[in-house]
file upload28.txt (compact mmCIF, C-alpha atoms)
# COMPACT_ATOMS: atom_id res chain seq x y z
CA MET A 13 126.41 47.97 41.98
CA SER A 14 129.73 48.64 43.67
CA PHE A 15 132.93 46.59 43.80
CA THR A 16 136.53 47.04 44.97
CA VAL A 17 139.59 46.85 42.74
CA TYR A 18 143.15 46.41 43.95
CA PHE A 19 145.52 47.73 41.28
CA VAL A 20 149.05 46.38 41.76
CA ARG A 21 152.09 47.57 39.87
CA HIS A 22 154.23 44.69 38.61
CA GLY A 23 157.57 43.90 40.24
CA GLN A 24 160.80 45.53 39.15
CA THR A 25 162.01 44.53 35.68
CA MET A 26 165.32 44.74 33.89
CA PHE A 27 164.14 47.85 32.00
CA ASN A 28 163.03 49.44 35.28
CA TYR A 29 166.47 48.80 36.74
CA PHE A 30 168.19 50.35 33.71
CA GLN A 31 165.69 53.26 33.66
CA ARG A 32 164.45 52.54 30.15
CA MET A 33 161.06 53.24 28.61
CA GLN A 34 158.85 50.19 29.06
CA GLY A 35 155.35 50.49 27.73
CA TRP A 36 154.11 47.87 25.30
CA SER A 37 157.59 46.34 25.23
CA ASP A 38 158.54 43.84 27.92
CA SER A 39 161.49 42.66 29.99
CA PRO A 40 161.81 40.01 32.71
CA LEU A 41 161.39 40.54 36.42
CA THR A 42 164.65 40.97 38.30
CA PRO A 43 165.28 39.03 41.54
CA ARG A 44 164.13 42.15 43.37
CA GLY A 45 161.03 42.20 41.14
CA ILE A 46 160.12 38.70 42.24
CA GLN A 47 160.42 39.85 45.84
CA ASP A 48 158.22 42.89 45.03
CA ALA A 49 155.56 40.51 43.73
CA LYS A 50 155.82 38.22 46.77
CA LYS A 51 155.52 41.20 49.10
CA ALA A 52 152.36 42.35 47.30
CA GLY A 53 151.05 38.82 47.71
CA GLN A 54 151.62 38.98 51.45
CA HIS A 55 149.86 42.33 51.69
CA LEU A 56 146.81 40.96 49.85
CA LYS A 57 146.82 37.36 51.08
CA ALA A 58 143.64 37.80 53.17
CA VAL A 59 141.61 39.33 50.31
CA LYS A 60 139.17 36.94 48.66
CA PHE A 61 139.22 37.86 44.97
CA ALA A 62 136.16 37.29 42.81
CA GLY A 63 138.04 38.38 39.68
CA VAL A 64 141.72 38.45 38.69
CA TYR A 65 143.16 40.34 35.72
CA HIS A 66 146.58 41.25 34.41
CA SER A 67 147.76 43.06 31.30
CA ASP A 68 149.10 41.16 28.30
CA THR A 69 152.73 41.39 29.39
CA THR A 70 154.97 38.78 30.97
CA ARG A 71 155.90 41.10 33.83
CA THR A 72 152.31 41.44 35.04
CA GLN A 73 151.61 37.74 34.49
CA ARG A 74 154.60 36.71 36.62
CA THR A 75 153.68 39.22 39.32
CA CYS A 76 150.09 37.99 39.32
CA GLU A 77 151.27 34.38 39.76
CA GLN A 78 153.17 35.30 42.91
CA ILE A 79 150.19 37.20 44.37
CA ILE A 80 147.83 34.30 43.71
CA ALA A 81 150.29 31.79 45.18
CA ALA A 82 150.28 33.69 48.48
CA ASN A 83 146.50 34.07 48.71
CA GLN A 84 144.61 32.22 51.43
CA TYR A 85 141.64 31.51 49.15
CA SER A 86 141.02 29.71 45.90
CA THR A 87 141.24 32.38 43.21
CA PRO A 88 139.57 32.54 39.79
CA GLN A 89 141.57 31.89 36.64
CA PRO A 90 143.36 35.16 35.73
CA GLN A 91 142.08 36.98 32.68
CA THR A 92 144.46 38.77 30.32
CA SER A 93 143.44 42.26 29.25
CA MET A 94 145.37 44.54 26.91
CA ASN A 95 143.20 47.39 28.19
CA PHE A 96 145.26 47.59 31.37
CA ARG A 97 148.67 47.50 29.71
CA GLU A 98 151.12 50.36 30.11
CA GLN A 99 151.06 53.57 28.10
CA GLY A 100 152.47 52.93 24.62
CA TYR A 101 155.68 54.87 23.97
CA GLY A 102 156.00 54.05 20.27
CA TYR A 103 159.41 54.92 18.80
CA PHE A 104 160.79 55.52 22.29
CA GLU A 105 160.17 51.99 23.60
CA GLY A 106 163.35 50.68 25.19
CA GLY A 107 165.04 54.08 25.05
CA ASP A 108 166.72 55.84 27.95
CA SER A 109 163.94 57.41 30.05
CA GLY A 110 165.77 60.63 30.86
CA GLN A 111 166.72 61.25 27.24
CA THR A 112 163.19 60.48 26.05
CA TRP A 113 161.52 63.02 28.33
CA LEU A 114 164.19 65.59 27.52
CA ILE A 115 163.23 65.24 23.85
CA ALA A 116 159.49 65.33 24.57
CA GLY A 117 159.77 68.41 26.77
CA ALA A 118 162.31 70.39 24.76
CA ARG A 119 159.84 72.61 22.92
CA HIS A 120 157.91 73.08 26.18
CA LYS A 121 160.97 74.22 28.17
CA THR A 122 161.15 71.19 30.47
CA THR A 123 163.99 68.71 30.94
CA THR A 124 162.55 65.88 33.08
CA TYR A 125 159.33 63.87 33.29
CA GLN A 126 158.57 65.19 36.76
CA GLU A 127 159.03 68.77 35.55
CA LEU A 128 156.87 68.08 32.51
CA ILE A 129 153.89 66.66 34.40
CA SER A 130 154.26 69.32 37.10
CA LYS A 131 154.35 72.29 34.71
CA TYR A 132 151.75 70.80 32.36
CA SER A 133 150.04 67.48 33.21
CA ILE A 134 150.42 63.74 32.87
CA GLU A 135 147.73 63.90 30.18
CA GLU A 136 149.64 66.48 28.13
CA SER A 137 152.86 64.48 28.50
CA ARG A 138 151.28 61.78 26.31
CA ASP A 139 150.33 64.30 23.65
CA PHE A 140 153.81 65.84 23.74
CA LEU A 141 155.46 62.44 23.27
CA LYS A 142 153.19 61.64 20.34
CA GLU A 143 154.17 64.96 18.73
CA VAL A 144 157.85 64.05 18.62
CA ASP A 145 157.44 60.36 17.71
CA PRO A 146 158.66 60.10 14.08
CA PHE A 147 156.50 57.00 13.57
CA GLN A 148 153.46 58.45 15.40
CA LEU A 149 153.02 55.19 17.31
CA ALA A 150 153.14 56.61 20.83
CA GLU A 151 149.70 56.81 22.44
CA ASN A 152 148.25 60.26 22.90
CA ASP A 153 145.91 60.95 25.79
CA GLN A 154 142.73 60.28 23.81
CA GLU A 155 144.00 56.92 22.58
CA PHE A 156 145.20 55.97 26.06
CA TRP A 157 141.88 56.73 27.72
CA GLN A 158 139.83 55.09 25.02
CA ARG A 159 141.67 51.86 25.87
CA LEU A 160 141.47 52.34 29.66
CA ASN A 161 137.76 53.22 29.63
CA ALA A 162 137.08 50.03 27.69
CA GLY A 163 138.92 48.16 30.45
CA PHE A 164 136.72 49.69 33.14
CA ASP A 165 133.67 48.71 31.07
CA ILE A 166 134.92 45.10 31.05
CA LEU A 167 135.21 45.13 34.84
CA ARG A 168 131.69 46.53 35.22
CA LYS A 169 130.35 43.87 32.86
CA ASN A 170 132.13 40.93 34.50
CA GLN A 171 131.90 41.76 38.20
CA THR A 172 128.96 41.88 40.59
CA ASP A 173 128.06 43.90 43.66
CA GLY A 174 130.49 43.45 46.55
CA ASP A 175 133.23 41.76 44.52
CA GLN A 176 136.89 42.24 45.32
CA VAL A 177 139.06 42.28 42.20
CA LEU A 178 142.79 42.12 41.51
CA VAL A 179 144.27 43.96 38.49
CA VAL A 180 148.03 43.72 37.98
CA SER A 181 149.01 46.65 35.82
CA HIS A 182 151.70 49.30 35.32
CA GLY A 183 153.18 52.43 36.86
CA THR A 184 152.11 55.18 34.50
CA THR A 185 148.73 53.55 33.96
CA ILE A 186 148.00 53.46 37.70
CA ARG A 187 149.39 56.97 38.15
CA SER A 188 147.14 58.23 35.35
CA ILE A 189 144.04 56.50 36.74
CA VAL A 190 144.58 58.08 40.15
CA HIS A 191 145.12 61.54 38.70
CA HIS A 192 142.03 61.22 36.49
CA PHE A 193 139.66 60.18 39.26
CA ALA A 194 141.31 61.84 42.27
CA PRO A 195 143.27 64.90 41.05
CA GLU A 196 143.77 66.05 44.64
CA ILE A 197 146.19 63.15 45.24
CA ASP A 198 149.86 63.92 44.61
CA ILE A 199 151.08 61.71 41.77
CA ILE A 200 153.91 64.07 40.80
CA SER A 201 156.41 63.61 43.61
CA GLN A 202 156.25 59.81 43.41
CA GLY A 203 154.88 57.25 41.01
CA PRO A 204 153.64 53.89 42.28
CA ILE A 205 156.45 51.71 43.63
CA ASN A 206 156.97 48.27 42.06
CA GLY A 207 154.64 45.89 43.90
CA SER A 208 152.60 48.70 45.43
CA VAL A 209 148.82 48.56 45.86
CA THR A 210 146.28 51.22 44.87
CA LYS A 211 142.68 50.61 45.94
CA LEU A 212 139.60 51.81 44.04
CA VAL A 213 135.86 51.46 44.45
CA ILE A 214 133.95 51.30 41.17
CA ASP A 215 130.22 51.61 40.71
CA ASN A 216 127.99 52.16 37.72
CA ASP A 217 129.07 55.71 36.95
CA GLN A 218 132.07 56.67 39.06
CA VAL A 219 135.44 55.57 40.37
CA LYS A 220 136.68 56.48 43.86
CA VAL A 221 140.32 56.17 44.93
CA LEU A 222 140.56 54.90 48.52
CA TYR A 223 144.36 54.95 48.67
CA TYR A 224 147.36 55.21 46.36
CA ASN A 225 150.79 53.57 46.33
CA HIS A 226 150.71 51.50 49.52
CA TYR A 227 153.74 49.22 49.87
CA LEU A 228 154.79 49.38 53.52
CA ASP A 229 153.86 46.60 55.97
CA ASN A 230 152.21 49.05 58.37
CA GLN A 231 149.89 50.56 55.75
CA GLU A 232 146.24 49.71 55.10
CA TYR A 233 145.40 47.01 52.52
call {"tool": "encode", "arguments": {"input": "upload28.txt", "output": "structure tokens"}}
result
Amino acid sequence: MSFTVYFVRHGQTMFNYFQRMQGWSDSPLTPRGIQDAKKAGQHLKAVKFAGVYHSDTTRTQRTCEQIIAANQYSTPQPQTSMNFREQGYGYFEGGDSGQTWLIAGARHKTTTYQELISKYSIEESRDFLKEVDPFQLAENDQEFWQRLNAGFDILRKNQTDGDQVLVVSHGTTIRSIVHHFAPEIDIISQGPINGSVTKLVIDNDQVKVLYYNHYLDNQEY
């Protein structure tokens, strides 16, 4: 069995605009974020989806609504899945992003998120953030992947051979998935743009990344 999954990052939110940590917390789409969602809808309007999923956040739900509205076909009722929500940042939810990653990287001699995942890895960045969370509520890498793997199991259970599937998810989640299954792809210099599309092929025992972070009109979809 093999099926295709289009992972879309939600449109820009207020927290994105203010460069604040936004994991399990939520904030509304900005006017630009609504346009991000509509643009993703235009890029995927000719894809006939056999399954539609979004995480349990308002920002992915609203983005998903715009994508479905633009689609040329009748789409299934979207399913909500917490498995594809963003990385949980615990105590640092809503905090300034630059300050948060400065704190997480201090004992590791890094000052920015890009420097941290470049010198170490995106996986270790989760463990480092958990180490400095005074409430120990941030997800470490093991906790993150336990949740994500359960999400992939849900897709394998629900979908059939040849299906095309939409999953509206989040930036660090998509970035992490790509790095996990296609480490040769550069996820350090740029994370997925709001409204961008990342395409995977999933079968019984592996995941293949066909492309990452497509958002331009002249790119493949």
call {"tool": "residues_around", "arguments": {"input": "upload28.txt", "residues": "Arg119 in chain A", "least_positions_apart": "6", "cutoff": "12 Å", "atoms": "all atoms listed in the file", "output": "PDB file with C-alpha atoms, keeping the file's coordinate frame"}}
result
ATOM      1  CA  TRP A 113     161.520  63.020  28.330  1.00  0.00           C
ATOM      2  CA  LEU A 128     156.870  68.080  32.510  1.00  0.00           C
ATOM      3  CA  PHE A 140     153.810  65.840  23.740  1.00  0.00           C
ATOM      4  CA  LEU A 141     155.460  62.440  23.270  1.00  0.00           C
ATOM      5  CA  GLU A 143     154.170  64.960  18.730  1.00  0.00           C
ATOM      6  CA  VAL A 144     157.850  64.050  18.620  1.00  0.00           C
TER       7      VAL A 144
END
call {"tool": "atom_distance", "arguments": {"input": "upload28.txt", "atom1": "CA of Val179 in chain A", "atom2": "CA of Lys60 in chain A"}}
result
13.4 Å
call {"tool": "atom_distance", "arguments": {"input": "upload28.txt", "atom1": "CA of Lys57 in chain A", "atom2": "CA of Trp36 in chain A"}}
result
28.8 Å
call {"tool": "residues_around", "arguments": {"input": "upload28.txt", "residues": "range 174-178 of chain A", "least_positions_apart": "4", "cutoff": "8 Å", "atoms": "only C-alpha atoms", "output": "list in words"}}
result
Met13, Ser14, Phe15, Thr16, Val17, Tyr18, Phe19, Val20, Val59, Lys60, Phe61, Ala62, Gly63, Val64 and Tyr65 of chain A
call {"tool": "atom_distance", "arguments": {"input": "upload28.txt", "atom1": "CA of Ile46 in chain A", "atom2": "CA of Ser67 in chain A"}}
result
17.1 Å
call {"tool": "residues_near_point", "arguments": {"input": "upload28.txt", "point": "(156.0, 39.6, 46.6)", "cutoff": "10 Å", "atoms": "only C-alpha atoms", "output": "PyMOL selection string"}}
result
chain A and resi 22-23+44-56+75-79+81-82+206-208
call {"tool": "residues_around", "arguments": {"input": "upload28.txt", "residues": "Phe164 in chain A", "least_positions_apart": "3", "cutoff": "9 Å", "atoms": "all atoms listed in the file", "output": "list in words"}}
result
Asn95, Phe96, Leu160, Asn161, Leu167, Arg168, Lys169 and Ile214 of chain A
call {"tool": "write_last_selection", "arguments": {"input": "upload28.txt", "atoms": "C-alpha atoms", "output": "PDB file, keeping the file's coordinate frame"}}
result
ATOM      1  CA  ASN A  95     143.200  47.390  28.190  1.00  0.00           C
ATOM      2  CA  PHE A  96     145.260  47.590  31.370  1.00  0.00           C
ATOM      3  CA  LEU A 160     141.470  52.340  29.660  1.00  0.00           C
ATOM      4  CA  ASN A 161     137.760  53.220  29.630  1.00  0.00           C
ATOM      5  CA  LEU A 167     135.210  45.130  34.840  1.00  0.00           C
ATOM      6  CA  ARG A 168     131.690  46.530  35.220  1.00  0.00           C
ATOM      7  CA  LYS A 169     130.350  43.870  32.860  1.00  0.00           C
ATOM      8  CA  ILE A 214     133.950  51.300  41.170  1.00  0.00           C
TER       9      ILE A 214
END
call {"tool": "residues_around", "arguments": {"input": "upload28.txt", "residues": "Ala194 in chain A", "least_positions_apart": "2", "cutoff": "10 Å", "atoms": "only C-alpha atoms", "output": "list in words"}}
result
Ser188, Ile189, Val190, His191, His192, Glu196, Ile197, Asp198, Ile199, Val219, Lys220, Val221, Leu222, Tyr223 and Tyr224 of chain A
call {"tool": "residues_around", "arguments": {"input": "upload28.txt", "residues": "range 129-132 of chain A", "least_positions_apart": "5", "cutoff": "10 Å", "atoms": "only C-alpha atoms", "output": "PyMOL selection string"}}
result
chain A and resi 117+120-122+124+137-138+199-201
